[in-house]
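Everything on this sheet refers to the single structure shown next.
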Amino acid sequence: MRRGPVLAALAAAVLLTAGGTWVLYGSSWLRVEKVAATGMEVLTAEQVLGAAAVPVGAPLVSVDTEEIESRVRGRLPRVDSVDVVRAWPHGIGLKVTERKPVLLVKKDANFVEVDASGVRFDTVPKAPAGVPVLELNAGRSPSARRFDEDRLLHEAVLVAGALPQPIARETVQVKVGSYDSVVLELTRGRSVTWGSGEQSDAKGRALNALLKAAPKAAHFDVSVPTAPAASGS
């Protein structure tokens, strides 16, 4: 076997590997020059980019995308997820998905935003439009010892998260008296007896149908979603 061609091929492979490594890590051709963030509704691009702290000037291939994702989520609780991608040859893109409040908890003069998973992710001075406020009145309930405030908040979140969007926008308050006593206060003085947080999806569909069938009714009962009722006018 002739060793000359084999050695030459090996040398060429080594040179190509070394050259490729230099291009990726040592040259100025493939380095981070631009960082962009998209998908925000409440947060600003400046907030996201500041939290991401992407190392501008670093080799693009060396950027730890998972670490950047962890930083953004850790520093900005409003961020539910962020997808960090390399945009060759010089960019990093951040696609942000923010948490959506389904319920507000009054705290002094402020409001704590709670998402559909029950995560309290931000405190704001003004209630966002179309998000109901929790009113918790479970102090005298016989079940108060078994179901603490966190559990009742969980029930309220189940209810608020199951509301069809048009109904959610018209829901002013979610009143919780006990585990199985949830009442919604809607615009125009209307109220809804919801019951417990169980079967909330079915109750949401039943309420949607009731509102269409009896638009002038003042009270709706979906505590048993297979037998919903409307009354008053």
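How things are named: the first chain in the structure tokens is A, the next is B, and so on; residues count from 1 in each chain; ligands count from 1 in the order shown.
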
- Task: With a distance cut-off of 9 Å and only C-alpha atoms, select the neighbouring residues of segment 92-96 of chain A, excluding the residue or stretch itself and same-chain residues fewer than 4 positions from it, and output the selection as a list of chain:residue names.
- Result: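 So the residues in contact are A:Val32, A:Glu33, A:Lys34, A:Val35, A:Ala36, A:Ala37, A:Thr38, A:Gly39, A:Met40, A:Val48, A:Leu49, A:Ala52, A:Val54, A:Leu60, A:Val63, A:Glu69, A:Val79, A:Asp80, A:Ser81, A:Val82, A:Asp83, A:Val84, A:Val85, A:Arg86, A:Ala87, A:Trp88.
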
- Task: Could you give me the residues within segment 41-209 of chain A that DSSP places in helix (DSSP H, G or I), as a VMD selection string?
- Result: chain A and resid 45 to 52 60 to 62 65 to 75 149 to 162 165 to 170 187 to 189 200 to 209

- Task: Have a look at atom CA of Arg99 of chain A and atom CA of Arg190 of chain A and let me know their distance in Å, one decimal.
- Result: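 About the pair atom CA of Arg99 of chain A and atom CA of Arg190 of chain A: they are 28.6 Å apart.
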
- In terms of the shortest atom-to-atom distance over only C-alpha atoms, which of A:Ala168, A:Val133, A:Pro228, A:His90 is closest to Asn110 of chain A?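 For Asn110 of chain A, the nearest of the given residues is A:Val133.
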
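If you count only C-alpha atoms and ignore residues fewer than 2 places along the chain from Pro166 of chain A, what sits within 12 Å of it is Gly130, Val131, Ala162, Leu163, Pro164, Ala168, Arg169, Glu170, Thr171, Leu186, Thr187, Gly204, Arg205, Leu207, Asn208, Leu211 and Lys212 of chain A.
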
What does the file look like for those residues with N, CA, C and O atoms, as an mmCIF file, in the first residue's frame?
data_model
loop_
_atom_site.group_PDB
_atom_site.id
_atom_site.type_symbol
_atom_site.label_atom_id
_atom_site.label_comp_id
_atom_site.auth_asym_id
_atom_site.auth_seq_id
_atom_site.Cartn_x
_atom_site.Cartn_y
_atom_site.Cartn_z
ATOM 1 N N GLY A 130 -60.425 43.430 30.675
ATOM 2 C CA GLY A 130 -60.910 42.110 30.301
ATOM 3 C C GLY A 130 -60.421 40.972 31.166
ATOM 4 O O GLY A 130 -60.600 39.806 30.806
ATOM 5 N N VAL A 131 -59.806 41.272 32.312
ATOM 6 C CA VAL A 131 -59.331 40.217 33.217
ATOM 7 C C VAL A 131 -60.089 40.359 34.539
ATOM 8 O O VAL A 131 -60.017 41.404 35.189
ATOM 9 N N ALA A 162 -61.106 28.556 31.905
ATOM 10 C CA ALA A 162 -62.015 27.807 31.038
ATOM 11 C C ALA A 162 -63.028 28.694 30.329
ATOM 12 O O ALA A 162 -63.764 28.219 29.466
ATOM 13 N N LEU A 163 -63.075 29.967 30.684
ATOM 14 C CA LEU A 163 -64.068 30.854 30.077
ATOM 15 C C LEU A 163 -63.744 31.119 28.611
ATOM 16 O O LEU A 163 -62.607 31.476 28.276
ATOM 17 N N PRO A 164 -64.719 30.964 27.717
ATOM 18 C CA PRO A 164 -64.497 31.391 26.332
ATOM 19 C C PRO A 164 -64.098 32.870 26.313
ATOM 20 O O PRO A 164 -64.583 33.651 27.136
ATOM 21 N N ALA A 168 -64.939 35.861 28.974
ATOM 22 C CA ALA A 168 -63.881 36.339 29.869
ATOM 23 C C ALA A 168 -63.804 37.856 29.848
ATOM 24 O O ALA A 168 -63.609 38.493 30.894
ATOM 25 N N ARG A 169 -63.971 38.439 28.668
ATOM 26 C CA ARG A 169 -63.897 39.900 28.554
ATOM 27 C C ARG A 169 -65.050 40.585 29.285
ATOM 28 O O ARG A 169 -64.943 41.750 29.653
ATOM 29 N N GLU A 170 -66.167 39.864 29.470
ATOM 30 C CA GLU A 170 -67.328 40.443 30.145
ATOM 31 C C GLU A 170 -67.403 40.058 31.623
ATOM 32 O O GLU A 170 -68.336 40.464 32.323
ATOM 33 N N THR A 171 -66.437 39.283 32.098
ATOM 34 C CA THR A 171 -66.441 38.849 33.494
ATOM 35 C C THR A 171 -65.686 39.871 34.335
ATOM 36 O O THR A 171 -64.502 40.115 34.118
ATOM 37 N N LEU A 186 -70.817 39.321 35.854
ATOM 38 C CA LEU A 186 -70.580 39.809 34.500
ATOM 39 C C LEU A 186 -70.966 41.280 34.383
ATOM 40 O O LEU A 186 -71.529 41.868 35.315
ATOM 41 N N THR A 187 -70.665 41.868 33.254
ATOM 42 C CA THR A 187 -71.094 43.236 32.974
ATOM 43 C C THR A 187 -72.624 43.288 32.934
ATOM 44 O O THR A 187 -73.298 42.260 32.821
ATOM 45 N N GLY A 204 -68.159 26.193 30.743
ATOM 46 C CA GLY A 204 -67.896 27.327 29.866
ATOM 47 C C GLY A 204 -68.690 27.233 28.575
ATOM 48 O O GLY A 204 -69.266 28.224 28.098
ATOM 49 N N ARG A 205 -68.759 26.029 28.013
ATOM 50 C CA ARG A 205 -69.541 25.836 26.782
ATOM 51 C C ARG A 205 -71.038 26.037 27.043
ATOM 52 O O ARG A 205 -71.749 26.640 26.233
ATOM 53 N N LEU A 207 -72.384 27.918 29.391
ATOM 54 C CA LEU A 207 -72.649 29.340 29.603
ATOM 55 C C LEU A 207 -72.660 30.098 28.288
ATOM 56 O O LEU A 207 -73.503 30.981 28.067
ATOM 57 N N ASN A 208 -71.758 29.755 27.404
ATOM 58 C CA ASN A 208 -71.713 30.402 26.095
ATOM 59 C C ASN A 208 -73.031 30.198 25.358
ATOM 60 O O ASN A 208 -73.583 31.137 24.764
ATOM 61 N N LEU A 211 -75.913 32.290 27.103
ATOM 62 C CA LEU A 211 -75.851 33.721 26.812
ATOM 63 C C LEU A 211 -76.412 34.033 25.427
ATOM 64 O O LEU A 211 -77.021 35.089 25.204
ATOM 65 N N LYS A 212 -76.225 33.120 24.503
ATOM 66 C CA LYS A 212 -76.766 33.320 23.156
ATOM 67 C C LYS A 212 -78.270 33.056 23.115
ATOM 68 O O LYS A 212 -79.018 33.748 22.419
#

- Considering only C-alpha atoms, return as a PyMOL selection string whatever protein or nucleic-acid residues lie within 12 Å of Gly189 of chain A, sequence-local ones (same chain, fewer than 6 positions apart) excluded. chain A and resi 170-173+216-220+232-233

Write out, as an mmCIF file, in the first residue's frame, the residues just selected, with N, CA, C and O atoms.
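out_2.cif written:
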data_model
loop_
_atom_site.group_PDB
_atom_site.id
_atom_site.type_symbol
_atom_site.label_atom_id
_atom_site.label_comp_id
_atom_site.auth_asym_id
_atom_site.auth_seq_id
_atom_site.Cartn_x
_atom_site.Cartn_y
_atom_site.Cartn_z
ATOM 1 N N GLU A 170 -66.167 39.864 29.470
ATOM 2 C CA GLU A 170 -67.328 40.443 30.145
ATOM 3 C C GLU A 170 -67.403 40.058 31.623
ATOM 4 O O GLU A 170 -68.336 40.464 32.323
ATOM 5 N N THR A 171 -66.437 39.283 32.098
ATOM 6 C CA THR A 171 -66.441 38.849 33.494
ATOM 7 C C THR A 171 -65.686 39.871 34.335
ATOM 8 O O THR A 171 -64.502 40.115 34.118
ATOM 9 N N VAL A 172 -66.374 40.449 35.296
ATOM 10 C CA VAL A 172 -65.791 41.488 36.140
ATOM 11 C C VAL A 172 -65.140 40.885 37.377
ATOM 12 O O VAL A 172 -64.041 41.280 37.775
ATOM 13 N N GLN A 173 -65.813 39.915 38.004
ATOM 14 C CA GLN A 173 -65.303 39.298 39.225
ATOM 15 C C GLN A 173 -65.533 37.792 39.212
ATOM 16 O O GLN A 173 -66.499 37.304 38.613
ATOM 17 N N LYS A 216 -81.103 38.378 27.357
ATOM 18 C CA LYS A 216 -81.640 39.372 28.291
ATOM 19 C C LYS A 216 -81.752 38.848 29.723
ATOM 20 O O LYS A 216 -82.204 39.565 30.611
ATOM 21 N N ALA A 217 -81.351 37.620 29.955
ATOM 22 C CA ALA A 217 -81.434 37.042 31.296
ATOM 23 C C ALA A 217 -80.448 37.730 32.225
ATOM 24 O O ALA A 217 -79.412 38.252 31.794
ATOM 25 N N ALA A 218 -80.778 37.715 33.526
ATOM 26 C CA ALA A 218 -79.922 38.364 34.524
ATOM 27 C C ALA A 218 -79.101 37.355 35.321
ATOM 28 O O ALA A 218 -78.060 37.702 35.874
ATOM 29 N N HIS A 219 -79.583 36.119 35.369
ATOM 30 C CA HIS A 219 -78.856 35.112 36.141
ATOM 31 C C HIS A 219 -78.762 33.807 35.356
ATOM 32 O O HIS A 219 -79.726 33.387 34.704
ATOM 33 N N PHE A 220 -77.579 33.182 35.452
ATOM 34 C CA PHE A 220 -77.336 31.926 34.743
ATOM 35 C C PHE A 220 -76.789 30.914 35.737
ATOM 36 O O PHE A 220 -75.997 31.271 36.622
ATOM 37 N N GLY A 232 -84.631 35.578 35.157
ATOM 38 C CA GLY A 232 -84.587 37.030 35.320
ATOM 39 C C GLY A 232 -84.434 37.743 33.996
ATOM 40 O O GLY A 232 -84.170 37.163 32.948
ATOM 41 N N SER A 233 -84.617 39.052 34.049
ATOM 42 C CA SER A 233 -84.456 39.844 32.824
ATOM 43 C C SER A 233 -84.227 41.296 33.221
ATOM 44 O O SER A 233 -84.368 41.661 34.372
#

- Message: Report, in Å with one decimal, the straight-line distance from atom CA of Glu46 of chain A to atom CA of Leu30 of chain A.
- Response: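 These atoms are spaced 24.0 Å apart.
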
- Message: Please determine, counting only C-alpha atoms, which residue among A:Ile68, A:Val224, A:Ala127, A:Val157 has the shortest atom-to-atom distance to Val114 of chain A.
- Response: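 That would be A:Val157, the residue with the smallest distance to Val114 of chain A.
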
- Message: I'd like the contact shell of Asp115 of chain A - 6 Å cut-off, only C-alpha atoms, skipping same-chain residues fewer than 5 positions apart - returned as a ChimeraX atom specification.
- Response: /A:100-102

Export of the given selection (N, CA, C and O atoms) as a short mmCIF file (atom, residue, chain, number, x, y, z; two decimals), in the first residue's frame:
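Written output follows (part.cif):
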data_model
loop_
_atom_site.label_atom_id
_atom_site.label_comp_id
_atom_site.auth_asym_id
_atom_site.auth_seq_id
_atom_site.Cartn_x
_atom_site.Cartn_y
_atom_site.Cartn_z
N LYS A 100 -50.27 34.92 29.98
CA LYS A 100 -51.51 35.69 29.85
C LYS A 100 -52.26 35.64 31.18
O LYS A 100 -52.53 34.55 31.69
N PRO A 101 -52.62 36.78 31.74
CA PRO A 101 -53.40 36.74 32.99
C PRO A 101 -54.83 36.30 32.73
O PRO A 101 -55.48 36.77 31.78
N VAL A 102 -55.31 35.36 33.55
CA VAL A 102 -56.71 34.96 33.48
C VAL A 102 -57.47 35.44 34.71
O VAL A 102 -58.70 35.40 34.75
#

- Task: List every residue of segment 71-223 of chain A that DSSP, applied to the backbone of this structure, assigns to strand (DSSP E), and report them as an NGL selection string.
- Result: :A and (79-87 or 91-98 or 101-107 or 110-115 or 120-124 or 133-136 or 171-178 or 181-186 or 191-195 or 219-221)

- Message: Using only C-alpha atoms, can you tell me which of A:Ala45, A:Val112, A:Val124, A:Ala51 comes closest to Gly74 of chain A?
- Response: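 Closest to Gly74 of chain A, using only C-alpha atoms: A:Ala51.
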
- Query: Which one is closest to Gly118 of chain A: A:Asp64, A:Asp150, A:Asp180, A:Glu41? Count only C-alpha atoms.
  - Reply: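 Going through A:Asp64, A:Asp150, A:Asp180, A:Glu41 one by one, the smallest distance to Gly118 of chain A is for A:Asp150.
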
- Using only C-alpha atoms, pick whichever of A:Lys175, A:Pro77, A:Glu67, A:Ala160 has the shortest atom-to-atom distance to Lys203 of chain A.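 Checking each of A:Lys175, A:Pro77, A:Glu67, A:Ala160 against Lys203 of chain A, counting only C-alpha atoms, the winner is A:Ala160.
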